[in-house]
Amino acid sequence: MNRKGKLYFRYGTMGSAKTALLLTTAYNFEERKVGYICLKPVVDTREHRNVIRSRIGIERSCEWIYSETDLFRFARKLFTREGKILDWMLIDEAQFLSADQVDQLSRVVDEFGVNVICYGLRTDFTSHLFEGSKRLFEIADTIDEIKSTCNCGNKTIVNARLDGAGNFVNEGAVVEIGGDELYVAALEFIDDEPDTDVAQS
């Protein structure tokens, strides 16, 4: 096969316009009649139908990726049904992919020559890598940071979680879907626990 694809990982903190960039890319492909498909892990339950929606209000239908989805088999069936190999696969919320699913995407790139762009977060609210993001950092051909700015004027680095009173929290389930009411992109990881050594001195 003469086609040669690449696996891209474009990551950023919450609110860095990752989804908007994906949707803009899809729109440009559609205008140029380039074959593509949008996908998103079903872990993101904010939508009750299979759409990718940006904070700025634009949306596009997509295929859902389930925990048991084999993305190489999915792509092979899709290309057989379409009668052609699509040029691009655009994946939102890629941090929720399993390591195996990222490997399956890499196989799609290598065997079909498809370009795959994964958009997602780098780390969770405790500053640990998501499984999908970790594997993408390990094997992606191209890695790009989508930068955004903190209220202090510096680049955001972490996705901090808030409680009902707006305080930062550093424990709880890794996956808890939410928006501005639950998360805020910040310059650094913030631990609201008091320093016991300082408190006792």
# chains A, B, ... in the order shown; residues from 1 in each chain; ligands from 1
>>> residues_around(residues="Phe74 of chain A", least_positions_apart="6", cutoff="12 Å", atoms="only C-alpha atoms", output="ChimeraX atom specification")
/A:37,39,63-66,68,80-81,89,101,104-105,107-108
>>> atom_distance(atom1="atom CA of Ala20 of chain A", atom2="atom CA of Arg53 of chain A")
8.0 Å
>>> closest_residue(among="A:Phe9, A:Phe96, A:Tyr36, A:Phe112", to="Ile139 of chain A", atoms="only C-alpha atoms")
A:Phe9
>>> atom_distance(atom1="atom CA of Trp88 of chain A", atom2="atom CA of Gly35 of chain A")
6.5 Å
>>> closest_residue(among="A:Leu129, A:Ala75, A:Ile52, A:Val34", to="Lys18 of chain A", atoms="only C-alpha atoms")
A:Ile52
>>> select_by_dssp(residues="segment 55-132 of chain A", states="alpha helix (DSSP H)", output="number ranges by chain")
A: 71-82, 99-112, 131-132
>>> select_by_dssp(residues="segment 68-139 of chain A", states="strand (DSSP E or B)", output="short mmCIF file (atom, residue, chain, number, x, y, z; two decimals) with all heavy atoms, in the first residue's frame")
data_model
loop_
_atom_site.label_atom_id
_atom_site.label_comp_id
_atom_site.auth_asym_id
_atom_site.auth_seq_id
_atom_site.Cartn_x
_atom_site.Cartn_y
_atom_site.Cartn_z
N TRP A 88 -9.11 10.22 6.95
CA TRP A 88 -8.86 10.71 8.31
C TRP A 88 -9.86 10.11 9.30
O TRP A 88 -11.03 9.92 8.97
CB TRP A 88 -9.00 12.24 8.37
CG TRP A 88 -7.96 12.97 7.58
CD1 TRP A 88 -7.99 13.26 6.25
CD2 TRP A 88 -6.72 13.49 8.08
NE1 TRP A 88 -6.86 13.94 5.88
CE2 TRP A 88 -6.06 14.09 6.99
CE3 TRP A 88 -6.12 13.52 9.33
CZ2 TRP A 88 -4.83 14.71 7.12
CZ3 TRP A 88 -4.89 14.14 9.47
CH2 TRP A 88 -4.25 14.72 8.38
N MET A 89 -9.37 9.89 10.51
CA MET A 89 -10.23 9.57 11.66
C MET A 89 -9.95 10.61 12.73
O MET A 89 -8.79 10.85 13.10
CB MET A 89 -9.92 8.17 12.19
CG MET A 89 -10.25 7.06 11.20
SD MET A 89 -9.77 5.39 11.77
CE MET A 89 -10.98 5.13 13.08
N LEU A 90 -11.00 11.25 13.23
CA LEU A 90 -10.88 12.30 14.24
C LEU A 90 -11.53 11.80 15.53
O LEU A 90 -12.71 11.46 15.54
CB LEU A 90 -11.58 13.58 13.78
CG LEU A 90 -11.17 14.12 12.40
CD1 LEU A 90 -12.01 15.35 12.04
CD2 LEU A 90 -9.69 14.44 12.35
N ILE A 91 -10.76 11.76 16.61
CA ILE A 91 -11.24 11.16 17.85
C ILE A 91 -11.19 12.18 18.98
O ILE A 91 -10.14 12.72 19.30
CB ILE A 91 -10.41 9.92 18.21
CG1 ILE A 91 -10.53 8.90 17.08
CG2 ILE A 91 -10.87 9.32 19.55
CD1 ILE A 91 -9.73 7.65 17.27
N ASN A 115 -4.77 8.66 8.33
CA ASN A 115 -4.31 9.63 9.33
C ASN A 115 -5.31 9.66 10.48
O ASN A 115 -6.52 9.82 10.24
CB ASN A 115 -4.18 11.03 8.72
CG ASN A 115 -3.06 11.11 7.71
OD1 ASN A 115 -1.89 11.00 8.07
ND2 ASN A 115 -3.40 11.29 6.45
N VAL A 116 -4.83 9.52 11.70
CA VAL A 116 -5.69 9.51 12.88
C VAL A 116 -5.27 10.65 13.81
O VAL A 116 -4.10 10.72 14.21
CB VAL A 116 -5.60 8.17 13.64
CG1 VAL A 116 -6.47 8.23 14.90
CG2 VAL A 116 -6.03 7.01 12.74
N ILE A 117 -6.20 11.55 14.11
CA ILE A 117 -5.92 12.64 15.05
C ILE A 117 -6.71 12.40 16.32
O ILE A 117 -7.94 12.33 16.30
CB ILE A 117 -6.28 14.02 14.49
CG1 ILE A 117 -5.67 14.25 13.12
CG2 ILE A 117 -5.78 15.11 15.46
CD1 ILE A 117 -5.99 15.61 12.53
N CYS A 118 -6.00 12.26 17.44
CA CYS A 118 -6.62 12.09 18.75
C CYS A 118 -6.52 13.39 19.54
O CYS A 118 -5.42 13.93 19.68
CB CYS A 118 -5.92 10.96 19.51
SG CYS A 118 -6.11 9.33 18.77
N TYR A 119 -7.65 13.87 20.01
CA TYR A 119 -7.69 15.08 20.83
C TYR A 119 -8.05 14.67 22.26
O TYR A 119 -8.99 13.89 22.46
CB TYR A 119 -8.75 16.05 20.32
CG TYR A 119 -8.53 16.58 18.93
CD1 TYR A 119 -8.89 15.83 17.82
CD2 TYR A 119 -7.97 17.84 18.72
CE1 TYR A 119 -8.71 16.31 16.53
CE2 TYR A 119 -7.78 18.33 17.44
CZ TYR A 119 -8.15 17.56 16.34
OH TYR A 119 -7.96 18.05 15.08
N GLY A 120 -7.33 15.19 23.25
CA GLY A 120 -7.69 14.82 24.60
C GLY A 120 -6.87 15.51 25.67
O GLY A 120 -6.00 16.34 25.39
N THR A 123 -3.57 14.71 31.58
CA THR A 123 -3.64 14.13 32.92
C THR A 123 -5.01 14.33 33.55
O THR A 123 -5.79 15.19 33.14
CB THR A 123 -2.58 14.77 33.84
OG1 THR A 123 -2.80 16.19 33.89
CG2 THR A 123 -1.17 14.48 33.34
N LEU A 129 -1.26 10.66 34.37
CA LEU A 129 -1.64 10.42 32.99
C LEU A 129 -2.84 9.49 32.88
O LEU A 129 -2.92 8.49 33.60
CB LEU A 129 -0.47 9.81 32.21
CG LEU A 129 0.73 10.70 31.90
CD1 LEU A 129 1.88 9.85 31.40
CD2 LEU A 129 0.36 11.76 30.88
#
>>> closest_residue(among="A:Lys134, A:Arg76, A:Arg60, A:Lys147", to="Gly15 of chain A", atoms="only C-alpha atoms")
A:Lys147
>>> atom_distance(atom1="atom CA of Ser127 of chain A", atom2="atom CA of Lys6 of chain A")
27.5 Å
>>> residues_around(residues="Asp110 of chain A", least_positions_apart="6", cutoff="12 Å", atoms="only C-alpha atoms", output="list in words")
Met1, Asn2, Arg3, Lys4, Gly5, Lys6, Leu7, Phe72, Asp103, Gln104, Val116, Ala140 and Asp141 of chain A
>>> closest_residue(among="A:Asp70, A:Asp87, A:Glu82, A:Asp124", to="Arg32 of chain A", atoms="only C-alpha atoms")
A:Asp87
>>> decode(residues="segment 1-36 of chain A", atoms="N, CA and C atoms", output="short mmCIF file (atom, residue, chain, number, x, y, z; two decimals), in the first residue's frame")
data_model
loop_
_atom_site.label_atom_id
_atom_site.label_comp_id
_atom_site.auth_asym_id
_atom_site.auth_seq_id
_atom_site.Cartn_x
_atom_site.Cartn_y
_atom_site.Cartn_z
N MET A 1 0.84 -1.21 0.00
CA MET A 1 0.00 0.00 0.00
C MET A 1 0.87 1.25 0.00
N ASN A 2 0.56 2.18 -0.93
CA ASN A 2 1.37 3.39 -1.06
C ASN A 2 0.97 4.48 -0.07
N ARG A 3 -0.24 4.38 0.48
CA ARG A 3 -0.69 5.38 1.45
C ARG A 3 0.16 5.29 2.71
N LYS A 4 0.50 6.42 3.24
CA LYS A 4 1.25 6.44 4.50
C LYS A 4 0.57 7.42 5.44
N GLY A 5 0.03 6.91 6.53
CA GLY A 5 -0.66 7.76 7.49
C GLY A 5 0.19 8.07 8.70
N LYS A 6 -0.37 8.87 9.59
CA LYS A 6 0.31 9.22 10.84
C LYS A 6 -0.70 9.21 11.98
N LEU A 7 -0.20 8.93 13.17
CA LEU A 7 -1.01 9.01 14.39
C LEU A 7 -0.63 10.28 15.12
N TYR A 8 -1.60 11.17 15.29
CA TYR A 8 -1.37 12.46 15.94
C TYR A 8 -2.03 12.46 17.32
N PHE A 9 -1.37 13.12 18.26
CA PHE A 9 -2.01 13.38 19.56
C PHE A 9 -1.94 14.87 19.83
N ARG A 10 -3.10 15.50 19.93
CA ARG A 10 -3.19 16.92 20.23
C ARG A 10 -3.86 17.06 21.59
N TYR A 11 -3.10 17.49 22.56
CA TYR A 11 -3.59 17.50 23.94
C TYR A 11 -3.59 18.91 24.51
N GLY A 12 -4.43 19.11 25.51
CA GLY A 12 -4.49 20.39 26.19
C GLY A 12 -5.35 20.25 27.43
N THR A 13 -5.37 21.29 28.24
CA THR A 13 -6.21 21.28 29.43
C THR A 13 -7.67 21.53 29.04
N MET A 14 -8.57 21.40 30.00
CA MET A 14 -9.98 21.69 29.73
C MET A 14 -10.14 23.15 29.34
N GLY A 15 -10.99 23.38 28.34
CA GLY A 15 -11.21 24.74 27.89
C GLY A 15 -10.18 25.25 26.91
N SER A 16 -9.33 24.38 26.39
CA SER A 16 -8.29 24.82 25.44
C SER A 16 -8.76 24.71 24.00
N ALA A 17 -10.03 24.48 23.77
CA ALA A 17 -10.65 24.45 22.43
C ALA A 17 -10.27 23.22 21.63
N LYS A 18 -9.97 22.11 22.31
CA LYS A 18 -9.64 20.88 21.60
C LYS A 18 -10.79 20.42 20.72
N THR A 19 -11.99 20.37 21.31
CA THR A 19 -13.15 19.89 20.56
C THR A 19 -13.50 20.85 19.43
N ALA A 20 -13.38 22.14 19.67
CA ALA A 20 -13.65 23.12 18.62
C ALA A 20 -12.69 22.93 17.44
N LEU A 21 -11.44 22.62 17.74
CA LEU A 21 -10.46 22.39 16.68
C LEU A 21 -10.81 21.13 15.89
N LEU A 22 -11.24 20.09 16.60
CA LEU A 22 -11.66 18.87 15.90
C LEU A 22 -12.83 19.18 14.96
N LEU A 23 -13.82 19.90 15.46
CA LEU A 23 -15.00 20.19 14.65
C LEU A 23 -14.67 21.11 13.47
N THR A 24 -13.76 22.03 13.67
CA THR A 24 -13.32 22.90 12.57
C THR A 24 -12.59 22.08 11.51
N THR A 25 -11.76 21.15 11.97
CA THR A 25 -11.05 20.27 11.03
C THR A 25 -12.05 19.45 10.23
N ALA A 26 -13.07 18.90 10.90
CA ALA A 26 -14.09 18.11 10.21
C ALA A 26 -14.82 18.96 9.17
N TYR A 27 -15.13 20.19 9.53
CA TYR A 27 -15.81 21.09 8.59
C TYR A 27 -14.94 21.34 7.36
N ASN A 28 -13.65 21.58 7.59
CA ASN A 28 -12.74 21.82 6.46
C ASN A 28 -12.64 20.60 5.56
N PHE A 29 -12.60 19.41 6.15
CA PHE A 29 -12.56 18.18 5.35
C PHE A 29 -13.83 18.06 4.51
N GLU A 30 -14.96 18.37 5.13
CA GLU A 30 -16.23 18.27 4.42
C GLU A 30 -16.28 19.24 3.24
N GLU A 31 -15.79 20.45 3.45
CA GLU A 31 -15.75 21.45 2.37
C GLU A 31 -14.89 20.99 1.21
N ARG A 32 -13.81 20.28 1.53
CA ARG A 32 -12.86 19.82 0.49
C ARG A 32 -13.18 18.42 0.00
N LYS A 33 -14.30 17.84 0.49
CA LYS A 33 -14.73 16.50 0.11
C LYS A 33 -13.67 15.45 0.42
N VAL A 34 -13.06 15.60 1.58
CA VAL A 34 -12.08 14.62 2.08
C VAL A 34 -12.81 13.62 2.95
N GLY A 35 -12.52 12.35 2.77
CA GLY A 35 -13.19 11.31 3.55
C GLY A 35 -12.71 11.27 4.99
N TYR A 36 -13.65 11.31 5.93
CA TYR A 36 -13.28 11.31 7.35
C TYR A 36 -14.43 10.73 8.18
#
